[in-house]
Structures are given as C-alpha cells and as structure tokens.
$ cat final_30.txt   # compact mmCIF, all heavy atoms
# COMPACT_ATOMS: atom_id res chain seq x y z
N MET A 1129 0.82 -1.20 0.00
CA MET A 1129 0.00 0.00 0.00
C MET A 1129 0.86 1.26 0.00
O MET A 1129 0.46 2.27 -0.55
CB MET A 1129 -0.91 -0.04 1.23
CG MET A 1129 -1.94 1.00 1.23
SD MET A 1129 -3.04 0.65 -0.13
CE MET A 1129 -4.34 1.70 0.20
N LEU A 1130 2.03 1.21 0.61
CA LEU A 1130 2.85 2.41 0.68
C LEU A 1130 3.42 2.84 -0.66
O LEU A 1130 3.53 4.03 -0.94
CB LEU A 1130 4.00 2.22 1.67
CG LEU A 1130 3.58 2.18 3.13
CD1 LEU A 1130 4.78 1.90 4.02
CD2 LEU A 1130 2.92 3.48 3.53
N LEU A 1131 3.77 1.88 -1.50
CA LEU A 1131 4.35 2.23 -2.80
C LEU A 1131 3.35 3.01 -3.68
O LEU A 1131 3.72 4.06 -4.22
CB LEU A 1131 4.86 0.98 -3.52
CG LEU A 1131 5.63 1.22 -4.81
CD1 LEU A 1131 6.82 2.14 -4.57
CD2 LEU A 1131 6.11 -0.11 -5.36
N PRO A 1132 2.10 2.56 -3.82
CA PRO A 1132 1.15 3.38 -4.59
C PRO A 1132 0.94 4.77 -3.99
O PRO A 1132 0.80 5.74 -4.72
CB PRO A 1132 -0.14 2.56 -4.56
CG PRO A 1132 0.28 1.17 -4.29
CD PRO A 1132 1.50 1.28 -3.43
N LEU A 1133 0.92 4.87 -2.67
CA LEU A 1133 0.76 6.19 -2.05
C LEU A 1133 1.98 7.07 -2.30
O LEU A 1133 1.85 8.27 -2.55
CB LEU A 1133 0.52 6.04 -0.55
CG LEU A 1133 -0.87 5.56 -0.17
CD1 LEU A 1133 -0.96 5.33 1.33
CD2 LEU A 1133 -1.93 6.54 -0.62
N ALA A 1134 3.16 6.49 -2.25
CA ALA A 1134 4.38 7.25 -2.53
C ALA A 1134 4.36 7.76 -3.97
O ALA A 1134 4.75 8.91 -4.23
CB ALA A 1134 5.61 6.39 -2.28
N ARG A 1135 3.89 6.95 -4.89
CA ARG A 1135 3.78 7.39 -6.29
C ARG A 1135 2.77 8.53 -6.42
O ARG A 1135 2.97 9.47 -7.18
CB ARG A 1135 3.38 6.22 -7.18
CG ARG A 1135 4.49 5.23 -7.38
CD ARG A 1135 4.06 4.12 -8.30
NE ARG A 1135 5.12 3.15 -8.45
CZ ARG A 1135 4.94 1.86 -8.50
NH1 ARG A 1135 3.72 1.35 -8.44
NH2 ARG A 1135 5.96 1.04 -8.64
N ALA A 1136 1.66 8.43 -5.70
CA ALA A 1136 0.65 9.49 -5.74
C ALA A 1136 1.20 10.79 -5.18
O ALA A 1136 0.95 11.87 -5.73
CB ALA A 1136 -0.59 9.07 -4.96
N VAL A 1137 1.97 10.71 -4.09
CA VAL A 1137 2.59 11.91 -3.51
C VAL A 1137 3.54 12.54 -4.52
O VAL A 1137 3.50 13.75 -4.76
CB VAL A 1137 3.34 11.56 -2.20
CG1 VAL A 1137 4.22 12.70 -1.76
CG2 VAL A 1137 2.35 11.18 -1.11
N ARG A 1138 4.38 11.72 -5.12
CA ARG A 1138 5.38 12.22 -6.07
C ARG A 1138 4.71 12.83 -7.30
O ARG A 1138 5.17 13.84 -7.83
CB ARG A 1138 6.32 11.09 -6.47
CG ARG A 1138 7.49 11.54 -7.30
CD ARG A 1138 8.47 10.44 -7.58
NE ARG A 1138 7.81 9.21 -8.00
CZ ARG A 1138 8.09 8.01 -7.51
NH1 ARG A 1138 9.01 7.86 -6.61
NH2 ARG A 1138 7.44 6.95 -7.95
N GLY A 1139 3.61 12.24 -7.74
CA GLY A 1139 2.94 12.73 -8.95
C GLY A 1139 1.79 13.68 -8.72
O GLY A 1139 1.12 14.08 -9.65
N TRP A 1140 1.53 14.05 -7.47
CA TRP A 1140 0.41 14.92 -7.11
C TRP A 1140 -0.90 14.38 -7.68
O TRP A 1140 -1.67 15.09 -8.32
CB TRP A 1140 0.66 16.35 -7.56
CG TRP A 1140 1.71 17.00 -6.77
CD1 TRP A 1140 3.04 17.00 -7.04
CD2 TRP A 1140 1.56 17.72 -5.54
NE1 TRP A 1140 3.72 17.68 -6.06
CE2 TRP A 1140 2.84 18.14 -5.14
CE3 TRP A 1140 0.46 18.03 -4.75
CZ2 TRP A 1140 3.03 18.87 -3.97
CZ3 TRP A 1140 0.67 18.77 -3.60
CH2 TRP A 1140 1.94 19.16 -3.23
N VAL A 1141 -1.14 13.10 -7.47
CA VAL A 1141 -2.35 12.42 -7.95
C VAL A 1141 -3.30 12.21 -6.78
O VAL A 1141 -2.89 11.73 -5.72
CB VAL A 1141 -1.97 11.05 -8.58
CG1 VAL A 1141 -3.20 10.28 -8.98
CG2 VAL A 1141 -1.03 11.25 -9.76
N ALA A 1142 -4.56 12.57 -6.97
CA ALA A 1142 -5.56 12.36 -5.92
C ALA A 1142 -5.79 10.87 -5.71
O ALA A 1142 -5.73 10.09 -6.65
CB ALA A 1142 -6.86 13.06 -6.28
N VAL A 1143 -6.00 10.48 -4.45
CA VAL A 1143 -6.25 9.08 -4.11
C VAL A 1143 -7.59 8.96 -3.39
O VAL A 1143 -8.05 9.91 -2.75
CB VAL A 1143 -5.12 8.49 -3.23
CG1 VAL A 1143 -3.81 8.45 -3.98
CG2 VAL A 1143 -4.97 9.28 -1.94
N ARG A 1144 -8.21 7.78 -3.50
CA ARG A 1144 -9.44 7.47 -2.77
C ARG A 1144 -9.12 6.33 -1.80
O ARG A 1144 -8.39 5.41 -2.15
CB ARG A 1144 -10.53 7.00 -3.71
CG ARG A 1144 -11.10 8.08 -4.55
CD ARG A 1144 -12.20 7.52 -5.45
NE ARG A 1144 -12.74 8.55 -6.30
CZ ARG A 1144 -13.77 9.32 -5.98
NH1 ARG A 1144 -14.38 9.17 -4.83
NH2 ARG A 1144 -14.19 10.24 -6.80
N TYR A 1145 -9.69 6.42 -0.60
CA TYR A 1145 -9.47 5.38 0.40
C TYR A 1145 -10.57 5.48 1.45
O TYR A 1145 -11.32 6.45 1.50
CB TYR A 1145 -8.09 5.52 1.05
CG TYR A 1145 -7.85 6.86 1.71
CD1 TYR A 1145 -8.14 7.05 3.05
CD2 TYR A 1145 -7.37 7.93 0.97
CE1 TYR A 1145 -7.94 8.27 3.65
CE2 TYR A 1145 -7.17 9.15 1.57
CZ TYR A 1145 -7.45 9.32 2.90
OH TYR A 1145 -7.26 10.55 3.48
N ASP A 1146 -10.68 4.46 2.28
CA ASP A 1146 -11.61 4.46 3.40
C ASP A 1146 -10.83 4.80 4.67
O ASP A 1146 -9.80 4.21 4.94
CB ASP A 1146 -12.29 3.11 3.56
CG ASP A 1146 -13.27 2.83 2.44
OD1 ASP A 1146 -13.84 3.79 1.90
OD2 ASP A 1146 -13.46 1.66 2.10
N CYS A 1147 -11.33 5.76 5.42
CA CYS A 1147 -10.67 6.23 6.63
C CYS A 1147 -11.42 5.69 7.85
O CYS A 1147 -12.63 5.91 8.00
CB CYS A 1147 -10.68 7.76 6.64
SG CYS A 1147 -9.88 8.47 8.08
N LEU A 1148 -10.71 4.99 8.72
CA LEU A 1148 -11.31 4.48 9.96
C LEU A 1148 -11.18 5.53 11.05
O LEU A 1148 -10.08 5.99 11.35
CB LEU A 1148 -10.60 3.20 10.39
CG LEU A 1148 -10.76 2.01 9.46
CD1 LEU A 1148 -9.84 0.88 9.89
CD2 LEU A 1148 -12.19 1.56 9.45
N PRO A 1149 -12.28 5.94 11.66
CA PRO A 1149 -12.22 6.92 12.75
C PRO A 1149 -11.45 6.38 13.95
O PRO A 1149 -11.52 5.19 14.25
CB PRO A 1149 -13.69 7.15 13.11
CG PRO A 1149 -14.48 6.62 11.98
CD PRO A 1149 -13.66 5.56 11.35
N ARG A 1150 -10.71 7.25 14.62
CA ARG A 1150 -9.96 6.84 15.82
C ARG A 1150 -10.88 6.30 16.90
O ARG A 1150 -10.53 5.41 17.64
CB ARG A 1150 -9.18 8.02 16.39
CG ARG A 1150 -8.01 8.40 15.57
CD ARG A 1150 -7.25 9.50 16.26
NE ARG A 1150 -6.17 9.95 15.41
CZ ARG A 1150 -5.30 10.86 15.75
NH1 ARG A 1150 -5.40 11.44 16.93
NH2 ARG A 1150 -4.34 11.20 14.94
N SER A 1151 -12.07 6.86 16.99
CA SER A 1151 -13.01 6.47 18.04
C SER A 1151 -13.77 5.18 17.70
O SER A 1151 -14.60 4.74 18.49
CB SER A 1151 -14.01 7.60 18.28
OG SER A 1151 -14.73 7.87 17.10
N GLY A 1152 -13.47 4.61 16.54
CA GLY A 1152 -14.18 3.42 16.11
C GLY A 1152 -15.31 3.78 15.17
O GLY A 1152 -15.44 4.91 14.74
N GLY A 1153 -16.11 2.82 14.85
CA GLY A 1153 -17.21 3.07 13.93
C GLY A 1153 -16.86 2.63 12.53
O GLY A 1153 -15.87 1.95 12.29
N GLU A 1154 -17.70 3.03 11.60
CA GLU A 1154 -17.55 2.60 10.22
C GLU A 1154 -16.56 3.48 9.46
O GLU A 1154 -16.41 4.67 9.76
CB GLU A 1154 -18.90 2.63 9.53
CG GLU A 1154 -19.87 1.61 10.10
CD GLU A 1154 -21.02 1.35 9.16
OE1 GLU A 1154 -20.88 1.56 7.96
OE2 GLU A 1154 -22.05 0.92 9.68
N ALA A 1155 -15.92 2.87 8.47
CA ALA A 1155 -14.98 3.60 7.62
C ALA A 1155 -15.72 4.62 6.78
O ALA A 1155 -16.85 4.39 6.34
CB ALA A 1155 -14.24 2.63 6.73
N GLN A 1156 -15.11 5.76 6.58
CA GLN A 1156 -15.67 6.83 5.77
C GLN A 1156 -14.84 6.97 4.49
O GLN A 1156 -13.62 7.04 4.57
CB GLN A 1156 -15.64 8.15 6.55
CG GLN A 1156 -16.39 8.12 7.85
CD GLN A 1156 -17.87 7.96 7.62
OE1 GLN A 1156 -18.46 8.59 6.75
NE2 GLN A 1156 -18.49 7.09 8.40
N PRO A 1157 -15.48 7.04 3.32
CA PRO A 1157 -14.71 7.22 2.09
C PRO A 1157 -14.10 8.62 2.05
O PRO A 1157 -14.72 9.60 2.48
CB PRO A 1157 -15.75 7.04 0.98
CG PRO A 1157 -17.06 7.31 1.63
CD PRO A 1157 -16.91 6.96 3.07
N ARG A 1158 -12.87 8.69 1.58
CA ARG A 1158 -12.18 9.98 1.46
C ARG A 1158 -11.50 10.08 0.10
O ARG A 1158 -11.13 9.09 -0.50
CB ARG A 1158 -11.09 10.10 2.54
CG ARG A 1158 -11.60 10.15 3.95
CD ARG A 1158 -12.18 11.52 4.24
NE ARG A 1158 -12.79 11.57 5.54
CZ ARG A 1158 -12.17 11.92 6.66
NH1 ARG A 1158 -10.90 12.22 6.65
NH2 ARG A 1158 -12.83 11.96 7.78
N ARG A 1159 -11.34 11.30 -0.36
CA ARG A 1159 -10.56 11.60 -1.57
C ARG A 1159 -9.56 12.67 -1.15
O ARG A 1159 -9.94 13.71 -0.59
CB ARG A 1159 -11.48 12.10 -2.68
CG ARG A 1159 -10.86 12.05 -4.04
CD ARG A 1159 -11.91 12.21 -5.12
NE ARG A 1159 -12.69 13.41 -4.96
CZ ARG A 1159 -12.56 14.51 -5.69
NH1 ARG A 1159 -11.68 14.55 -6.66
NH2 ARG A 1159 -13.32 15.56 -5.46
N ASN A 1160 -8.30 12.43 -1.40
CA ASN A 1160 -7.23 13.26 -0.84
C ASN A 1160 -6.19 13.58 -1.90
O ASN A 1160 -5.84 12.73 -2.71
CB ASN A 1160 -6.59 12.47 0.31
CG ASN A 1160 -5.57 13.25 1.08
OD1 ASN A 1160 -4.46 13.38 0.62
ND2 ASN A 1160 -5.94 13.72 2.24
N GLU A 1161 -5.69 14.82 -1.88
CA GLU A 1161 -4.50 15.18 -2.65
C GLU A 1161 -3.33 15.04 -1.69
O GLU A 1161 -3.13 15.89 -0.82
CB GLU A 1161 -4.59 16.61 -3.16
CG GLU A 1161 -5.55 16.80 -4.29
CD GLU A 1161 -5.61 18.24 -4.76
OE1 GLU A 1161 -5.20 19.16 -4.02
OE2 GLU A 1161 -6.09 18.45 -5.88
N PRO A 1162 -2.58 13.95 -1.78
CA PRO A 1162 -1.54 13.67 -0.79
C PRO A 1162 -0.37 14.64 -0.90
O PRO A 1162 0.03 15.02 -2.00
CB PRO A 1162 -1.11 12.24 -1.10
CG PRO A 1162 -1.43 12.06 -2.53
CD PRO A 1162 -2.64 12.91 -2.80
N ASP A 1163 0.16 15.03 0.24
CA ASP A 1163 1.35 15.88 0.29
C ASP A 1163 2.57 15.07 0.68
O ASP A 1163 3.58 15.10 0.00
CB ASP A 1163 1.12 17.03 1.27
CG ASP A 1163 2.27 18.01 1.28
OD1 ASP A 1163 2.76 18.33 0.18
OD2 ASP A 1163 2.68 18.42 2.37
N HIS A 1164 2.46 14.33 1.79
CA HIS A 1164 3.56 13.45 2.17
C HIS A 1164 3.11 12.43 3.22
O HIS A 1164 2.19 12.70 3.98
CB HIS A 1164 4.78 14.24 2.66
CG HIS A 1164 4.52 15.07 3.88
ND1 HIS A 1164 3.94 16.31 3.82
CD2 HIS A 1164 4.77 14.84 5.19
CE1 HIS A 1164 3.85 16.81 5.04
NE2 HIS A 1164 4.34 15.94 5.88
N PRO A 1165 3.76 11.26 3.22
CA PRO A 1165 3.45 10.25 4.23
C PRO A 1165 4.22 10.53 5.52
O PRO A 1165 5.29 11.13 5.50
CB PRO A 1165 3.94 8.94 3.58
CG PRO A 1165 5.01 9.37 2.65
CD PRO A 1165 4.67 10.76 2.20
N VAL A 1166 3.63 10.10 6.64
CA VAL A 1166 4.25 10.28 7.95
C VAL A 1166 4.08 8.99 8.74
O VAL A 1166 3.00 8.41 8.75
CB VAL A 1166 3.56 11.44 8.73
CG1 VAL A 1166 4.11 11.56 10.13
CG2 VAL A 1166 3.69 12.74 7.99
N ALA A 1167 5.14 8.55 9.41
CA ALA A 1167 5.07 7.38 10.29
C ALA A 1167 5.00 7.87 11.73
O ALA A 1167 5.75 8.76 12.13
CB ALA A 1167 6.28 6.49 10.09
N SER A 1168 4.08 7.28 12.52
CA SER A 1168 3.95 7.63 13.92
C SER A 1168 3.39 6.44 14.69
O SER A 1168 2.36 5.88 14.29
CB SER A 1168 3.01 8.84 14.07
OG SER A 1168 2.82 9.16 15.42
N ASP A 1169 4.06 6.08 15.75
CA ASP A 1169 3.61 4.98 16.62
C ASP A 1169 3.33 3.69 15.85
O ASP A 1169 2.34 3.00 16.10
CB ASP A 1169 2.36 5.38 17.42
CG ASP A 1169 2.63 6.50 18.41
OD1 ASP A 1169 3.75 6.51 18.97
OD2 ASP A 1169 1.75 7.33 18.62
N GLY A 1170 4.17 3.38 14.87
CA GLY A 1170 4.02 2.15 14.12
C GLY A 1170 2.93 2.16 13.06
O GLY A 1170 2.61 1.13 12.48
N ARG A 1171 2.36 3.33 12.79
CA ARG A 1171 1.32 3.46 11.76
C ARG A 1171 1.76 4.48 10.73
O ARG A 1171 2.53 5.39 11.02
CB ARG A 1171 0.00 3.91 12.36
CG ARG A 1171 -0.59 2.90 13.28
CD ARG A 1171 -1.90 3.38 13.82
NE ARG A 1171 -2.45 2.37 14.71
CZ ARG A 1171 -3.70 2.31 15.04
NH1 ARG A 1171 -4.54 3.20 14.57
NH2 ARG A 1171 -4.12 1.37 15.85
N TRP A 1172 1.22 4.34 9.52
CA TRP A 1172 1.48 5.29 8.45
C TRP A 1172 0.26 6.17 8.24
O TRP A 1172 -0.87 5.69 8.25
CB TRP A 1172 1.82 4.56 7.16
CG TRP A 1172 3.21 4.03 7.16
CD1 TRP A 1172 3.59 2.77 7.53
CD2 TRP A 1172 4.38 4.72 6.82
NE1 TRP A 1172 4.94 2.64 7.41
CE2 TRP A 1172 5.47 3.83 6.98
CE3 TRP A 1172 4.66 6.02 6.39
CZ2 TRP A 1172 6.77 4.18 6.72
CZ3 TRP A 1172 5.97 6.37 6.13
CH2 TRP A 1172 7.00 5.47 6.29
N TYR A 1173 0.50 7.45 8.03
CA TYR A 1173 -0.55 8.42 7.74
C TYR A 1173 -0.14 9.18 6.48
O TYR A 1173 1.04 9.34 6.21
CB TYR A 1173 -0.71 9.42 8.89
CG TYR A 1173 -1.07 8.75 10.19
CD1 TYR A 1173 -0.09 8.30 11.06
CD2 TYR A 1173 -2.40 8.58 10.54
CE1 TYR A 1173 -0.43 7.69 12.25
CE2 TYR A 1173 -2.74 7.96 11.74
CZ TYR A 1173 -1.74 7.52 12.58
OH TYR A 1173 -2.08 6.91 13.76
N VAL A 1174 -1.13 9.64 5.73
CA VAL A 1174 -0.85 10.47 4.56
C VAL A 1174 -1.44 11.85 4.83
O VAL A 1174 -2.64 11.99 5.04
CB VAL A 1174 -1.48 9.87 3.29
CG1 VAL A 1174 -1.24 10.79 2.11
CG2 VAL A 1174 -0.90 8.49 3.01
N LEU A 1175 -0.58 12.84 4.84
CA LEU A 1175 -1.03 14.21 5.03
C LEU A 1175 -1.33 14.81 3.67
O LEU A 1175 -0.61 14.58 2.70
CB LEU A 1175 0.04 15.04 5.74
CG LEU A 1175 0.46 14.54 7.11
CD1 LEU A 1175 1.49 15.48 7.71
CD2 LEU A 1175 -0.72 14.40 8.03
N GLY A 1176 -2.39 15.56 3.62
CA GLY A 1176 -2.77 16.19 2.36
C GLY A 1176 -4.11 16.88 2.50
O GLY A 1176 -4.67 17.00 3.59
N ARG A 1177 -4.62 17.34 1.39
CA ARG A 1177 -5.88 18.08 1.37
C ARG A 1177 -7.03 17.12 1.10
O ARG A 1177 -7.03 16.39 0.11
CB ARG A 1177 -5.82 19.13 0.27
CG ARG A 1177 -7.04 19.98 0.19
CD ARG A 1177 -6.81 21.16 -0.73
NE ARG A 1177 -8.08 21.75 -1.01
CZ ARG A 1177 -8.68 21.71 -2.20
NH1 ARG A 1177 -8.09 21.12 -3.21
NH2 ARG A 1177 -9.85 22.26 -2.37
N ASP A 1178 -8.01 17.13 1.98
CA ASP A 1178 -9.21 16.31 1.82
C ASP A 1178 -10.14 17.02 0.84
O ASP A 1178 -10.67 18.09 1.14
CB ASP A 1178 -9.89 16.11 3.17
CG ASP A 1178 -11.03 15.12 3.12
OD1 ASP A 1178 -11.73 15.06 2.09
OD2 ASP A 1178 -11.21 14.39 4.10
N LEU A 1179 -10.35 16.44 -0.33
CA LEU A 1179 -11.13 17.08 -1.38
C LEU A 1179 -12.62 17.08 -1.10
O LEU A 1179 -13.36 17.93 -1.59
CB LEU A 1179 -10.84 16.41 -2.72
CG LEU A 1179 -9.40 16.55 -3.18
CD1 LEU A 1179 -9.16 15.69 -4.41
CD2 LEU A 1179 -9.04 17.99 -3.45
N GLU A 1180 -13.10 16.12 -0.32
CA GLU A 1180 -14.52 16.04 0.00
C GLU A 1180 -14.91 17.06 1.07
O GLU A 1180 -16.01 17.59 1.05
CB GLU A 1180 -14.89 14.64 0.49
CG GLU A 1180 -14.56 13.53 -0.49
CD GLU A 1180 -15.31 13.64 -1.81
OE1 GLU A 1180 -16.45 14.13 -1.82
OE2 GLU A 1180 -14.74 13.25 -2.84
N ARG A 1181 -14.02 17.31 1.98
CA ARG A 1181 -14.31 18.22 3.10
C ARG A 1181 -13.66 19.58 2.92
O ARG A 1181 -13.83 20.47 3.75
CB ARG A 1181 -13.80 17.58 4.41
CG ARG A 1181 -14.44 16.25 4.68
CD ARG A 1181 -13.72 15.56 5.77
NE ARG A 1181 -14.59 15.49 6.94
CZ ARG A 1181 -14.17 15.15 8.14
NH1 ARG A 1181 -12.92 14.86 8.35
NH2 ARG A 1181 -15.01 15.09 9.14
N ASP A 1182 -12.88 19.75 1.87
CA ASP A 1182 -12.14 20.98 1.60
C ASP A 1182 -11.29 21.38 2.80
O ASP A 1182 -11.29 22.52 3.25
CB ASP A 1182 -13.07 22.10 1.19
CG ASP A 1182 -12.32 23.21 0.45
OD1 ASP A 1182 -11.29 22.90 -0.19
OD2 ASP A 1182 -12.75 24.36 0.52
N GLU A 1183 -10.57 20.39 3.36
CA GLU A 1183 -9.68 20.63 4.51
C GLU A 1183 -8.26 20.33 4.11
O GLU A 1183 -7.97 19.48 3.35
CB GLU A 1183 -10.05 19.74 5.68
CG GLU A 1183 -11.40 20.06 6.24
CD GLU A 1183 -11.79 19.11 7.37
OE1 GLU A 1183 -11.18 18.04 7.52
OE2 GLU A 1183 -12.72 19.44 8.08
$ encode --input "final_30.txt" --output "structure tokens"
Amino acid sequence: MLLPLARAVRGWVAVRYDCLPRSGGEAQPRRNEPDHPVASDGRWYVLGRDLERDE
C-alpha cells in the first residue's frame, strides 16, 4: 500500500481510500491530494488536502 501512495505523492495524484475513525465506527470514504506520508507509533498516515471536506 505504501508504494502506490508514494507514487501518488510524487505525482500529485488524488487518491481514494476508506478512513477508519480513531473512536471506532464505520470507515468513511475519502478523496485526498496527498502531500507526504508520515510514520507515527508504528502506523502510516498520509497528510494532504481532503477534497470532499475541503480541509
């Protein structure tokens, strides 16, 4: 999964994925313009602009 995300970051390509809330519950679909990946506490996160929420 990291290699396709790294390619999207490098090429400024929007990605679609399901985001699991920290508090639990159902996954929410997201569309993101990735800026860069970040590792924290053994997990990977992709920082970028959320196109659905304009954040």
$ closest_residue --input "final_30.txt" --among "A:Ala1142, A:Pro1132, A:Trp1172, A:Cys1147" --to "Asn1160 (chain A)" --atoms "all atoms listed in the file"
A:Ala1142
$ atom_distance --input "final_30.txt" --atom1 "CA of Glu1161 (chain A)" --atom2 "CA of Arg1181 (chain A)"
11.8 Å
$ closest_residue --input "final_30.txt" --among "A:Val1137, A:Tyr1145, A:Leu1130, A:Arg1159" --to "Leu1179 (chain A)" --atoms "all heavy atoms"
A:Arg1159
$ atom_distance --input "final_30.txt" --atom1 "CG of Leu1133 (chain A)" --atom2 "CB of Pro1165 (chain A)"
7.0 Å
$ atom_distance --input "final_30.txt" --atom1 "CZ of Arg1171 (chain A)" --atom2 "atom N of Ala1136 (chain A)"
22.3 Å
$ closest_residue --input "final_30.txt" --among "A:Pro1162, A:Asp1146, A:Ser1151, A:Arg1138" --to "Val1174 (chain A)" --atoms "all heavy atoms"
A:Pro1162
$ select_by_dssp --input "final_30.txt" --residues "chain A" --states "strand (DSSP E or B)" --output "PyMOL selection string"
chain A and resi 1143-1147+1156-1168+1171-1178
$ closest_residue --input "final_30.txt" --among "A:Ser1168, A:Pro1149, A:Arg1144, A:Arg1135" --to "Glu1180 (chain A)" --atoms "only C-alpha atoms"
A:Arg1144
$ select_by_dssp --input "final_30.txt" --residues "chain A" --states "helix (DSSP H, G or I)" --output "number ranges by chain"
A: 1130-1139
$ closest_residue --input "final_30.txt" --among "A:Gly1176, A:Val1143, A:Leu1131, A:Arg1150" --to "His1164 (chain A)" --atoms "all heavy atoms"
A:Gly1176
$ axis_aligned_box --input "final_30.txt" --around "region 1159-1175 of chain A" --padding-each-side "8 Å" --output "AutoDock Vina command-line options"
--center_x -3.2 --center_y 10.1 --center_z 6.2 --size_x 36.3 --size_y 34.0 --size_z 41.6
